[in-house]
>>> print(open('entry-v6.txt').read())   # compact mmCIF, C-alpha atoms (C1' of nucleotides)
# COMPACT_ATOMS: atom_id res chain seq x y z
CA MET A 1 -25.28 7.38 11.18
CA SER A 2 -23.92 4.00 12.18
CA ASN A 3 -23.27 1.87 9.15
CA GLU A 4 -20.94 -1.03 9.64
CA ILE A 5 -17.43 0.06 8.87
CA GLU A 6 -14.22 -1.87 8.68
CA LEU A 7 -11.45 -0.47 10.84
CA THR A 8 -8.16 -0.29 8.98
CA HIS A 9 -4.70 0.73 10.07
CA THR A 10 -5.56 4.25 9.03
CA SER A 11 -8.67 4.16 11.18
CA HIS A 12 -6.70 3.21 14.25
CA ILE A 13 -4.17 5.92 13.64
CA VAL A 14 -6.92 8.50 13.47
CA LEU A 15 -8.57 7.11 16.60
CA GLY A 16 -5.23 7.10 18.36
CA LEU A 17 -4.40 10.67 17.46
CA ILE A 18 -7.82 11.96 18.46
CA SER A 19 -7.66 9.97 21.66
CA ALA A 20 -4.49 11.84 22.55
CA ALA A 21 -5.73 15.26 21.53
CA GLY A 22 -9.39 15.63 22.36
CA GLU A 23 -11.35 17.49 19.72
CA VAL A 24 -9.48 18.25 16.54
CA SER A 25 -9.81 19.26 12.92
CA PRO A 26 -8.41 17.19 10.06
CA TYR A 27 -5.76 19.82 9.68
CA ASP A 28 -4.71 19.33 13.29
CA LEU A 29 -4.49 15.62 12.60
CA LYS A 30 -2.27 16.31 9.67
CA GLN A 31 0.07 18.40 11.83
CA MET A 32 0.14 15.84 14.60
CA ALA A 33 0.77 12.96 12.23
CA ALA A 34 3.60 14.82 10.53
CA ALA A 35 5.28 15.51 13.84
CA THR A 36 4.96 12.02 15.26
CA ILE A 37 4.11 8.82 13.43
CA GLY A 38 4.85 10.46 10.12
CA ASN A 39 8.45 9.64 10.88
CA PHE A 40 7.88 5.97 10.33
CA TRP A 41 4.41 5.53 8.92
CA SER A 42 3.42 7.45 5.83
CA LEU A 43 -0.04 8.38 4.81
CA PRO A 44 -1.19 11.12 2.47
CA HIS A 45 -2.90 14.00 4.17
CA SER A 46 -5.96 13.45 2.04
CA GLN A 47 -6.57 10.36 4.15
CA LEU A 48 -6.74 12.45 7.26
CA TYR A 49 -9.65 14.33 5.77
CA ALA A 50 -11.47 11.31 4.39
CA GLU A 51 -11.00 8.93 7.27
CA PRO A 52 -12.54 10.96 10.10
CA ALA A 53 -15.65 11.44 7.99
CA ARG A 54 -15.79 7.72 7.42
CA LEU A 55 -15.31 7.01 11.12
CA ALA A 56 -18.02 9.48 12.00
CA GLY A 57 -20.29 7.58 9.63
CA GLY A 58 -19.53 4.43 11.56
CA GLY A 59 -20.33 6.00 14.89
CA TYR A 60 -16.76 6.15 16.17
CA LEU A 61 -16.50 9.93 16.12
CA THR A 62 -18.74 12.92 16.51
CA GLU A 63 -18.52 15.65 13.93
CA ARG A 64 -19.36 19.30 14.48
CA ARG A 65 -18.42 22.62 12.98
CA GLU A 66 -16.68 25.58 14.47
CA GLU A 67 -19.12 28.37 15.27
CA HIS A 68 -17.00 31.16 13.91
CA GLY A 69 -14.15 31.85 11.56
CA ARG A 70 -13.42 29.08 9.12
CA ARG A 71 -16.12 26.84 10.54
CA ARG A 72 -13.79 23.90 10.33
CA LYS A 73 -15.01 20.41 11.05
CA LEU A 74 -14.08 19.13 14.48
CA TYR A 75 -14.02 15.50 15.48
CA ALA A 76 -14.04 13.82 18.87
CA LEU A 77 -14.27 10.23 20.09
CA THR A 78 -17.59 8.66 20.95
CA ASP A 79 -17.73 5.88 23.52
CA ARG A 80 -17.64 3.46 20.68
CA GLY A 81 -14.52 5.10 19.34
CA ARG A 82 -12.79 5.05 22.71
CA GLU A 83 -13.73 1.41 23.11
CA ALA A 84 -12.41 0.47 19.68
CA HIS A 85 -9.13 2.24 20.34
CA GLY A 86 -8.68 0.48 23.69
CA GLN A 87 -9.43 -2.90 22.15
CA TRP A 88 -6.96 -2.36 19.37
CA LEU A 89 -4.21 -1.46 21.81
CA GLN A 90 -4.73 -4.71 23.63
CA VAL A 91 -4.60 -7.06 20.67
CA LEU A 92 -1.14 -8.58 20.43
CA THR A 93 0.62 -8.05 17.13
CA PRO A 94 3.00 -10.80 16.14
CA GLU A 95 3.48 -9.45 12.61
CA PRO A 96 6.99 -8.41 11.69
CA TYR A 97 7.56 -4.99 10.19
CA MET A 98 7.91 -4.01 6.58
CA LEU A 99 10.96 -1.91 5.85
CA ARG A 100 9.97 -0.03 2.75
CA ASP A 101 13.38 1.17 1.78
CA LEU A 102 13.90 2.08 -1.82
CA ALA A 103 17.65 2.16 -1.30
CA LEU A 104 17.63 -1.36 0.08
CA LEU A 105 15.64 -2.46 -2.92
CA LYS A 106 18.16 -0.96 -5.32
CA LEU A 107 21.00 -2.37 -3.32
CA PHE A 108 19.46 -5.79 -3.66
CA PHE A 109 19.07 -5.41 -7.40
CA GLY A 110 22.67 -4.44 -7.88
CA ALA A 111 22.91 -0.66 -7.73
CA ASP A 112 26.31 0.84 -7.02
CA VAL A 113 26.81 0.53 -3.28
CA GLN A 114 29.03 3.52 -2.74
CA ALA A 115 26.91 5.92 -4.75
CA LEU A 116 23.87 4.74 -2.85
CA ALA A 117 25.72 4.91 0.44
CA ARG A 118 26.87 8.47 -0.01
CA VAL A 119 23.39 9.84 -0.49
CA GLN A 120 21.73 7.59 2.06
CA LEU A 121 24.33 8.51 4.61
CA GLN A 122 23.35 12.14 4.39
CA THR A 123 19.67 11.34 4.69
CA HIS A 124 20.03 9.14 7.71
CA ARG A 125 22.55 11.31 9.50
CA ARG A 126 20.06 14.15 9.23
CA LYS A 127 17.27 11.95 10.49
CA LEU A 128 19.36 10.72 13.35
CA ALA A 129 20.26 14.26 14.38
CA GLU A 130 16.60 15.16 14.26
CA TYR A 131 15.70 12.25 16.51
CA GLU A 132 18.46 13.05 18.96
CA GLN A 133 17.23 16.59 19.23
CA LEU A 134 13.69 15.35 19.70
CA THR A 135 14.91 13.07 22.46
CA GLU A 136 16.23 16.01 24.38
CA GLN A 137 13.04 17.95 23.97
CA ILE A 138 10.62 15.22 24.84
CA ALA A 139 9.22 15.43 28.35
CA GLU A 140 10.32 12.87 30.91
CA TYR A 141 6.91 12.76 32.43
CA GLY A 142 3.91 12.08 30.26
CA PRO A 143 3.17 8.78 28.55
CA PRO A 144 6.14 6.55 27.83
CA GLY A 145 4.85 5.37 24.42
CA PRO A 146 6.26 8.18 22.32
CA ARG A 147 9.58 8.05 24.16
CA LEU A 148 9.91 4.33 23.56
CA ALA A 149 8.94 4.66 19.93
CA LEU A 150 11.47 7.41 19.49
CA ASP A 151 14.09 5.27 21.15
CA LEU A 152 13.51 2.40 18.74
CA GLY A 153 13.47 4.79 15.82
CA THR A 154 16.75 6.30 16.92
CA ARG A 155 18.42 2.93 17.23
CA HIS A 156 17.32 1.99 13.75
CA GLU A 157 18.70 5.20 12.36
CA ARG A 158 22.00 4.76 14.18
CA GLN A 159 22.22 1.26 12.79
CA THR A 160 21.45 2.46 9.31
CA VAL A 161 24.02 5.23 9.43
CA GLU A 162 26.62 2.74 10.56
CA PHE A 163 25.77 0.40 7.70
CA TRP A 164 25.93 3.00 4.95
CA ASP A 165 29.02 4.51 6.49
CA GLU A 166 30.88 1.23 6.37
CA ASN A 167 29.81 0.72 2.79
CA SER A 168 30.61 4.20 1.56
CA ARG A 169 34.34 3.62 1.67
CA ASP A 170 36.82 1.66 -0.47
CA MET B 1 1.64 -2.76 -27.90
CA SER B 2 3.44 0.30 -26.64
CA ASN B 3 1.13 2.62 -24.79
CA GLU B 4 2.74 5.06 -22.45
CA ILE B 5 2.94 3.54 -19.02
CA GLU B 6 4.06 4.94 -15.70
CA LEU B 7 6.69 2.88 -13.97
CA THR B 8 5.93 2.39 -10.30
CA HIS B 9 7.87 0.71 -7.52
CA THR B 10 6.09 -2.49 -8.38
CA SER B 11 7.17 -2.15 -11.99
CA HIS B 12 10.80 -1.85 -11.03
CA ILE B 13 10.59 -4.83 -8.76
CA VAL B 14 9.20 -6.93 -11.58
CA LEU B 15 11.82 -5.64 -13.99
CA GLY B 16 14.51 -6.36 -11.43
CA LEU B 17 13.37 -9.88 -10.78
CA ILE B 18 13.06 -10.71 -14.44
CA SER B 19 16.41 -9.15 -15.12
CA ALA B 20 17.95 -11.58 -12.66
CA ALA B 21 16.08 -14.63 -13.88
CA GLY B 22 15.68 -14.49 -17.64
CA GLU B 23 12.31 -15.72 -18.83
CA VAL B 24 9.79 -16.42 -16.11
CA SER B 25 6.13 -16.97 -15.37
CA PRO B 26 4.22 -14.86 -12.86
CA TYR B 27 4.26 -17.82 -10.56
CA ASP B 28 8.05 -17.89 -10.71
CA LEU B 29 8.05 -14.20 -9.83
CA LYS B 30 5.87 -14.93 -6.87
CA GLN B 31 8.29 -17.58 -5.63
CA MET B 32 11.30 -15.37 -6.17
CA ALA B 33 9.73 -12.40 -4.47
CA ALA B 34 8.71 -14.47 -1.48
CA ALA B 35 12.24 -15.79 -1.06
CA THR B 36 13.99 -12.47 -1.43
CA ILE B 37 12.53 -9.00 -1.24
CA GLY B 38 9.38 -10.38 0.35
CA ASN B 39 11.35 -10.21 3.56
CA PHE B 40 11.22 -6.45 3.62
CA TRP B 41 8.89 -5.30 0.88
CA SER B 42 5.40 -6.71 0.75
CA LEU B 43 3.23 -6.95 -2.28
CA PRO B 44 0.24 -9.19 -2.92
CA HIS B 45 0.86 -11.95 -5.40
CA SER B 46 -2.00 -10.70 -7.53
CA GLN B 47 0.27 -7.79 -8.42
CA LEU B 48 2.82 -10.16 -9.84
CA TYR B 49 0.23 -11.37 -12.30
CA ALA B 50 -1.17 -7.96 -13.19
CA GLU B 51 2.05 -6.02 -13.43
CA PRO B 52 3.91 -8.08 -16.04
CA ALA B 53 0.89 -7.84 -18.31
CA ARG B 54 0.89 -4.09 -17.84
CA LEU B 55 4.62 -3.88 -18.51
CA ALA B 56 4.23 -5.97 -21.64
CA GLY B 57 1.59 -3.49 -22.78
CA GLY B 58 4.12 -0.71 -22.34
CA GLY B 59 6.77 -2.52 -24.36
CA TYR B 60 9.04 -3.35 -21.45
CA LEU B 61 8.49 -7.08 -21.59
CA THR B 62 7.72 -9.71 -24.18
CA GLU B 63 4.95 -12.12 -23.45
CA ARG B 64 4.63 -15.64 -24.85
CA ARG B 65 2.98 -18.87 -23.86
CA GLU B 66 4.49 -22.22 -23.10
CA GLU B 67 4.04 -24.61 -26.00
CA HIS B 68 3.01 -27.57 -23.92
CA GLY B 69 1.58 -28.45 -20.56
CA ARG B 70 -0.06 -25.61 -18.72
CA ARG B 71 0.76 -23.13 -21.41
CA ARG B 72 1.76 -20.59 -18.81
CA LYS B 73 2.60 -17.06 -19.77
CA LEU B 74 6.29 -16.32 -19.87
CA TYR B 75 7.81 -12.88 -19.70
CA ALA B 76 11.24 -11.60 -20.64
CA LEU B 77 12.86 -8.18 -20.87
CA THR B 78 12.88 -6.21 -24.07
CA ASP B 79 15.70 -3.76 -24.74
CA ARG B 80 13.42 -1.07 -23.45
CA GLY B 81 12.87 -3.02 -20.25
CA ARG B 82 16.57 -3.62 -19.74
CA GLU B 83 17.21 0.05 -20.34
CA ALA B 84 14.55 1.14 -17.85
CA HIS B 85 15.91 -1.20 -15.21
CA GLY B 86 19.45 0.08 -15.67
CA GLN B 87 18.32 3.68 -15.49
CA TRP B 88 16.39 3.07 -12.32
CA LEU B 89 19.39 1.50 -10.64
CA GLN B 90 21.43 4.57 -11.37
CA VAL B 91 19.07 7.17 -10.00
CA LEU B 92 20.15 8.15 -6.52
CA THR B 93 17.51 7.71 -3.84
CA PRO B 94 17.75 10.15 -0.97
CA GLU B 95 14.37 9.13 0.49
CA PRO B 96 14.44 7.65 3.96
CA TYR B 97 12.68 4.38 4.58
CA MET B 98 9.25 3.77 5.99
CA LEU B 99 9.19 1.33 8.84
CA ARG B 100 5.67 -0.03 8.74
CA ASP B 101 5.64 -1.62 12.14
CA LEU B 102 2.27 -2.19 13.71
CA ALA B 103 3.92 -2.90 17.04
CA LEU B 104 5.75 0.40 16.96
CA LEU B 105 2.48 2.13 16.20
CA LYS B 106 0.78 0.54 19.18
CA LEU B 107 3.75 1.26 21.36
CA PHE B 108 3.49 4.90 20.39
CA PHE B 109 -0.19 4.99 21.21
CA GLY B 110 0.32 3.55 24.65
CA ALA B 111 -0.06 -0.22 24.40
CA ASP B 112 1.43 -2.32 27.20
CA VAL B 113 5.14 -2.51 26.47
CA GLN B 114 5.86 -5.84 28.04
CA ALA B 115 2.95 -7.64 26.44
CA LEU B 116 3.97 -6.22 23.09
CA ALA B 117 7.61 -7.05 23.75
CA ARG B 118 6.99 -10.68 24.57
CA VAL B 119 5.25 -11.42 21.32
CA GLN B 120 7.48 -9.24 19.16
CA LEU B 121 10.53 -10.83 20.67
CA GLN B 122 9.43 -14.22 19.40
CA THR B 123 8.71 -12.90 15.96
CA HIS B 124 12.02 -11.13 15.56
CA ARG B 125 14.13 -13.86 17.09
CA ARG B 126 12.66 -16.21 14.52
CA LYS B 127 13.33 -13.77 11.73
CA LEU B 128 16.87 -13.20 12.91
CA ALA B 129 17.55 -16.94 13.02
CA GLU B 130 16.18 -17.24 9.51
CA TYR B 131 18.46 -14.49 8.25
CA GLU B 132 21.48 -15.97 9.96
CA GLN B 133 20.81 -19.28 8.32
CA LEU B 134 20.36 -17.57 4.99
CA THR B 135 23.66 -15.84 5.47
CA GLU B 136 25.43 -19.16 5.76
CA GLN B 137 23.75 -20.51 2.67
CA ILE B 138 24.25 -17.53 0.42
CA ALA B 139 27.08 -17.93 -2.06
CA GLU B 140 30.22 -15.87 -1.61
CA TYR B 141 30.60 -15.41 -5.31
CA GLY B 142 27.75 -14.01 -7.33
CA PRO B 143 26.42 -10.47 -7.05
CA PRO B 144 26.99 -8.66 -3.78
CA GLY B 145 23.60 -6.93 -3.75
CA PRO B 146 21.60 -9.68 -2.07
CA ARG B 147 24.39 -10.25 0.47
CA LEU B 148 24.51 -6.58 1.40
CA ALA B 149 20.74 -6.36 1.64
CA LEU B 150 20.70 -9.42 3.85
CA ASP B 151 23.39 -7.89 6.00
CA LEU B 152 21.40 -4.73 6.58
CA GLY B 153 18.27 -6.75 7.23
CA THR B 154 20.09 -8.86 9.78
CA ARG B 155 21.42 -5.85 11.62
CA HIS B 156 17.96 -4.36 11.83
CA GLU B 157 16.59 -7.58 13.23
CA ARG B 158 19.37 -7.85 15.77
CA GLN B 159 18.68 -4.31 16.82
CA THR B 160 14.99 -4.98 17.13
CA VAL B 161 15.47 -8.11 19.17
CA GLU B 162 17.69 -6.19 21.52
CA PHE B 163 15.12 -3.44 21.94
CA TRP B 164 12.21 -5.72 22.69
CA ASP B 165 14.35 -7.85 24.92
CA GLU B 166 15.33 -4.90 27.06
CA ASN B 167 11.73 -3.84 27.28
CA SER B 168 10.28 -7.24 28.05
CA ARG B 169 11.64 -7.26 31.59
CA ASP B 170 10.73 -5.48 34.85
C1' DA C 1 -9.63 -46.98 -15.72
C1' DA C 2 -11.71 -44.03 -12.42
C1' DC C 3 -10.84 -41.68 -8.25
C1' DC C 4 -8.99 -38.11 -5.30
C1' DA C 5 -5.61 -35.66 -2.76
C1' DT C 6 -2.33 -32.22 -3.32
C1' DA C 7 0.51 -29.09 -5.09
C1' DC C 8 0.70 -25.82 -8.51
C1' DC C 9 -1.08 -21.89 -10.92
C1' DA C 10 -4.10 -17.89 -12.22
C1' DT C 11 -7.76 -14.45 -12.11
C1' DC C 12 -11.11 -11.39 -10.16
C1' DC C 13 -12.96 -7.58 -7.63
C1' DG C 14 -14.40 -4.34 -4.08
C1' DA C 15 -12.27 -1.54 -0.92
C1' DA C 16 -8.39 1.16 0.64
C1' DT C 17 -4.49 3.95 -0.45
C1' DC C 18 -1.70 7.02 -2.94
C1' DG C 19 -0.16 11.47 -4.27
C1' DG C 20 -0.49 15.44 -6.30
C1' DA C 21 -3.39 19.13 -8.48
C1' DT C 22 -6.62 22.36 -7.34
C1' DT C 23 -9.35 25.50 -4.79
C1' DA C 24 -10.77 28.20 -0.88
C1' DT C 25 -10.35 31.01 3.32
C1' DG C 26 -8.50 34.30 6.86
C1' DC C 27 -5.07 37.62 8.03
C1' DA C 28 -1.65 41.01 7.94
C1' DA C 29 1.00 44.37 5.51
C1' DC C 30 1.45 47.81 2.34
C1' DG D 1 -8.59 47.39 -1.14
C1' DT D 2 -5.42 44.48 -3.08
C1' DT D 3 -1.42 41.66 -2.73
C1' DG D 4 0.89 37.88 -0.57
C1' DC D 5 1.27 34.16 2.49
C1' DA D 6 0.11 30.55 5.50
C1' DT D 7 -3.60 27.89 6.54
C1' DA D 8 -7.12 24.60 5.31
C1' DA D 9 -9.90 21.41 2.53
C1' DT D 10 -11.40 18.74 -1.45
C1' DC D 11 -11.08 15.96 -5.51
C1' DC D 12 -9.89 12.29 -8.51
C1' DG D 13 -7.59 8.88 -11.44
C1' DA D 14 -4.42 5.41 -10.82
C1' DT D 15 -2.40 1.99 -7.94
C1' DT D 16 -2.33 -1.26 -4.36
C1' DC D 17 -4.33 -4.44 -1.18
C1' DG D 18 -5.87 -8.85 0.24
C1' DG D 19 -8.46 -12.46 0.12
C1' DA D 20 -11.95 -15.39 -2.29
C1' DT D 21 -12.39 -18.29 -5.90
C1' DG D 22 -11.48 -21.34 -9.57
C1' DG D 23 -8.82 -23.93 -12.70
C1' DT D 24 -4.92 -27.72 -14.02
C1' DA D 25 -1.16 -31.28 -13.85
C1' DT D 26 0.74 -35.26 -11.14
C1' DG D 27 1.07 -39.26 -8.58
C1' DG D 28 -0.86 -42.65 -5.76
C1' DT D 29 -4.95 -45.71 -4.52
C1' DT D 30 -8.71 -48.73 -5.31
>>> encode(input="entry-v6.txt", output="structure tokens")
Amino acid sequence: MSNEIELTHTSHIVLGLISAAGEVSPYDLKQMAAATIGNFWSLPHSQLYAEPARLAGGGYLTERREEHGRRRKLYALTDRGREAHGQWLQVLTPEPYMLRDLALLKLFFGADVQALARVQLQTHRRKLAEYEQLTEQIAEYGPPGPRLALDLGTRHERQTVEFWDENSRD
Amino acid sequence: MSNEIELTHTSHIVLGLISAAGEVSPYDLKQMAAATIGNFWSLPHSQLYAEPARLAGGGYLTERREEHGRRRKLYALTDRGREAHGQWLQVLTPEPYMLRDLALLKLFFGADVQALARVQLQTHRRKLAEYEQLTEQIAEYGPPGPRLALDLGTRHERQTVEFWDENSRD
DNA sequence: AACCATACCATCCGAATCGGATTATGCAAC
DNA sequence: GTTGCATAATCCGATTCGGATGGTATGGTT
């Protein structure tokens, strides 16, 4: 029940989501991830089924089944899990980010700027609009983390739109 | 010599680098990647040894050995490789980027903003300085791709510095 | 000539991740 | 009572990760 397990980025995401939500099913995790961090950090939903099981094996989560209906698996933090999450939050992270942008890659390798720009412009305008709407909806009270993250995300999108816009002309 | 092979992101990076450089060894690729796309797209150097071999197996590259010295493996594009690279450049990419930022993740999950900001500020100021220096060094003639990519990268860094700076106070 | 420090260069491998195909389950409408 | 849809979960082969490890040329020192 408590084999030694290495905690990866994925692990900490799962711990973080469960920490915010209480007791949840993998499907709930999938929904939550899609609505929040999915905007800047991708992971296949299959991970959100596999990882909780792995974490339970390491003693970071409890696992039980719904009594009725679908009898889905439900996970919640153990003390160990809560502890691990808290620790992780406190470790400073000097690493820079990785901007996995296929368009940037193609741009670098010589793709046609304007063609690229036209399609990227659409994408990022949409994303920006989405973020701006989210900003209006997000509660003023409640934890500041999501608001701050959204703010940074929005700025990046604005920046990106500006860049592709400038390069879509002449 | 020509099994069917799926071309992944990694494949296209290797094709792109070789396309720019002529005939190179995996070690050369590693150096090139580190100096260029390594700034925004990470991949372990082991990939740059494995992938060319795989591409050669698919008929996209030729593989030969140096006559003297270390007898390193050298790879160059075949017509098929050149073709594949050109095709790839022309396909529009509507996908948005993924911003794999550990600091953003922690921010979202409630880490202390100021602590995070202080250390991130250092990181990104350094990166920004590096890009600005690069900008001065980069040749005005030659392909515009790298210049444009550097420009976008610089803007993102500037943006990021600004964000963390604002959030490092009070 | 033998040494050794230091780049330079290459491979290996277990674990984690990816992404999409596939299957199953409950519910409501017809 | 079967059709259709949204929900929910699992599987699996291929790819990627990241770091440990191990070779090889070069130049300087004794």
>>> closest_residue(input="entry-v6.txt", among="B:Tyr49, B:Tyr131, B:Trp164, B:Tyr97", to="chain A", atoms="only C-alpha atoms")
B:Tyr97
>>> closest_atom_pairs(input="entry-v6.txt", of="chain B", to="chain A", cutoff="7 Å", atoms="all atoms listed in the file", output="Markdown table")
| residue | atom | partner | partner_atom | distance |
| --- | --- | --- | --- | --- |
| B:Gly16 | CA | A:Phe109 | CA | 6.2 |
| B:Phe40 | CA | A:Leu99 | CA | 5.1 |
| B:Trp41 | CA | A:Arg100 | CA | 5.7 |
| B:Ser42 | CA | A:Met98 | CA | 6.9 |
| B:Leu89 | CA | A:Ala111 | CA | 5.1 |
| B:Gln90 | CA | A:Ala111 | CA | 6.5 |
| B:Leu92 | CA | A:Leu116 | CA | 6.2 |
| B:Thr93 | CA | A:Ala103 | CA | 6.1 |
| B:Pro94 | CA | A:Gln120 | CA | 5.6 |
| B:Pro96 | CA | A:Thr123 | CA | 6.4 |
| B:Tyr97 | CA | A:Asp101 | CA | 4.3 |
| B:Met98 | CA | A:Arg100 | CA | 5.0 |
| B:Leu99 | CA | A:Leu99 | CA | 4.8 |
| B:Arg100 | CA | A:Met98 | CA | 5.1 |
| B:Asp101 | CA | A:Tyr97 | CA | 4.3 |
| B:Leu102 | CA | A:Tyr97 | CA | 6.9 |
| B:Ala103 | CA | A:Thr93 | CA | 6.1 |
| B:Leu104 | CA | A:Ala149 | CA | 6.1 |
| B:Lys106 | CA | A:Leu89 | CA | 6.0 |
| B:Leu107 | CA | A:Gly145 | CA | 5.2 |
| B:Phe108 | CA | A:Gly145 | CA | 4.3 |
| B:Phe109 | CA | A:Gly145 | CA | 6.0 |
| B:Gly110 | CA | A:Gly145 | CA | 4.9 |
| B:Ala111 | CA | A:Leu89 | CA | 5.0 |
| B:Leu116 | CA | A:Leu92 | CA | 6.2 |
| B:Val119 | CA | A:Pro94 | CA | 5.7 |
| B:Gln120 | CA | A:Pro94 | CA | 5.6 |
| B:Thr123 | CA | A:Pro94 | CA | 6.1 |
| B:His124 | CA | A:Pro96 | CA | 6.9 |
| B:Gly145 | CA | A:Phe108 | CA | 4.3 |
| B:Pro146 | CA | A:Phe108 | CA | 4.7 |
| B:Ala149 | CA | A:Phe108 | CA | 5.5 |
| B:Leu152 | CA | A:Phe163 | CA | 6.8 |
| B:His156 | CA | A:His156 | CA | 6.7 |
| B:Phe163 | CA | A:Leu152 | CA | 6.9 |
>>> atom_distance(input="entry-v6.txt", atom1="atom CA of A:Arg80", atom2="atom CA of A:Gly59")
6.9 Å
>>> interface_residues(input="entry-v6.txt", of="chain C", to="chain B", cutoff="12 Å", atoms="all atoms listed in the file", output="PyMOL selection string")
chain C and resi 8-13+18
>>> residues_around(input="entry-v6.txt", residues="B:Glu51", least_positions_apart="2", cutoff="8 Å", atoms="all atoms listed in the file", output="list in words")
Thr10, Ser11, Val14, Gln47, Leu48, Tyr49, Ala53, Arg54 and Leu55 of chain B
>>> closest_residue(input="entry-v6.txt", among="A:Glu83, A:Glu66, A:Glu132, A:Glu6", to="A:Thr154", atoms="only C-alpha atoms")
A:Glu132
>>> closest_residue(input="entry-v6.txt", among="D:DG13, D:DG1, D:DA8, D:DG18", to="chain B", atoms="all atoms listed in the file")
D:DG18
>>> residues_around(input="entry-v6.txt", residues="A:Val24", least_positions_apart="2", cutoff="7 Å", atoms="only C-alpha atoms (C1' of nucleotides)", output="PyMOL selection string")
chain A and resi 18+21-22+26+28-29+74-76
>>> closest_atom_pairs(input="entry-v6.txt", of="chain D", to="chain A", cutoff="9 Å", atoms="all atoms listed in the file", output="CSV")
residue,atom,partner,partner_atom,distance
D:DT7,C1',A:Tyr27,CA,8.9
D:DA8,C1',A:Tyr27,CA,6.6
D:DA9,C1',A:Tyr49,CA,7.8
D:DT10,C1',A:Ser46,CA,8.4
>>> atom_distance(input="entry-v6.txt", atom1="atom C1' of C:DA21", atom2="atom CA of B:Gly57")
27.2 Å
>>> axis_aligned_box(input="entry-v6.txt", around="stretch 157-163 of chain A", padding_each_side="6 Å", output="AutoDock Vina command-line options")
--center_x 22.7 --center_y 2.8 --center_z 10.9 --size_x 19.9 --size_y 16.8 --size_z 18.5
>>> atom_distance(input="entry-v6.txt", atom1="atom CA of A:Asp79", atom2="atom CA of A:Met32")
22.3 Å
>>> residues_around(input="entry-v6.txt", residues="C:DA29", least_positions_apart="4", cutoff="12 Å", atoms="all atoms listed in the file", output="list in words")
DT2, DT3, DG4 and DC5 of chain D
>>> decode(input="entry-v6.txt", residues="stretch 119-138 of chain A", atoms="C-alpha atoms", output="PDB file, in the first residue's frame")
ATOM      1  CA  VAL A 119      -4.068  31.267 -38.948  1.00  0.00           C
ATOM      2  CA  GLN A 120      -2.315  31.886 -35.651  1.00  0.00           C
ATOM      3  CA  LEU A 121      -4.017  35.219 -35.337  1.00  0.00           C
ATOM      4  CA  GLN A 122      -7.403  33.561 -35.387  1.00  0.00           C
ATOM      5  CA  THR A 123      -6.363  30.996 -32.818  1.00  0.00           C
ATOM      6  CA  HIS A 124      -4.951  33.478 -30.386  1.00  0.00           C
ATOM      7  CA  ARG A 125      -7.687  36.042 -30.784  1.00  0.00           C
ATOM      8  CA  ARG A 126     -10.155  33.338 -29.849  1.00  0.00           C
ATOM      9  CA  LYS A 127      -8.057  32.305 -26.891  1.00  0.00           C
ATOM     10  CA  LEU A 128      -7.701  35.871 -25.752  1.00  0.00           C
ATOM     11  CA  ALA A 129     -11.447  36.439 -25.943  1.00  0.00           C
ATOM     12  CA  GLU A 130     -11.969  33.288 -23.937  1.00  0.00           C
ATOM     13  CA  TYR A 131      -9.581  34.474 -21.246  1.00  0.00           C
ATOM     14  CA  GLU A 132     -11.158  37.899 -21.104  1.00  0.00           C
ATOM     15  CA  GLN A 133     -14.538  36.348 -20.599  1.00  0.00           C
ATOM     16  CA  LEU A 134     -13.131  34.084 -17.924  1.00  0.00           C
ATOM     17  CA  THR A 135     -11.658  37.105 -16.206  1.00  0.00           C
ATOM     18  CA  GLU A 136     -15.059  38.648 -15.868  1.00  0.00           C
ATOM     19  CA  GLN A 137     -16.569  35.488 -14.512  1.00  0.00           C
ATOM     20  CA  ILE A 138     -13.896  34.631 -12.012  1.00  0.00           C
TER      21      ILE A 138
END
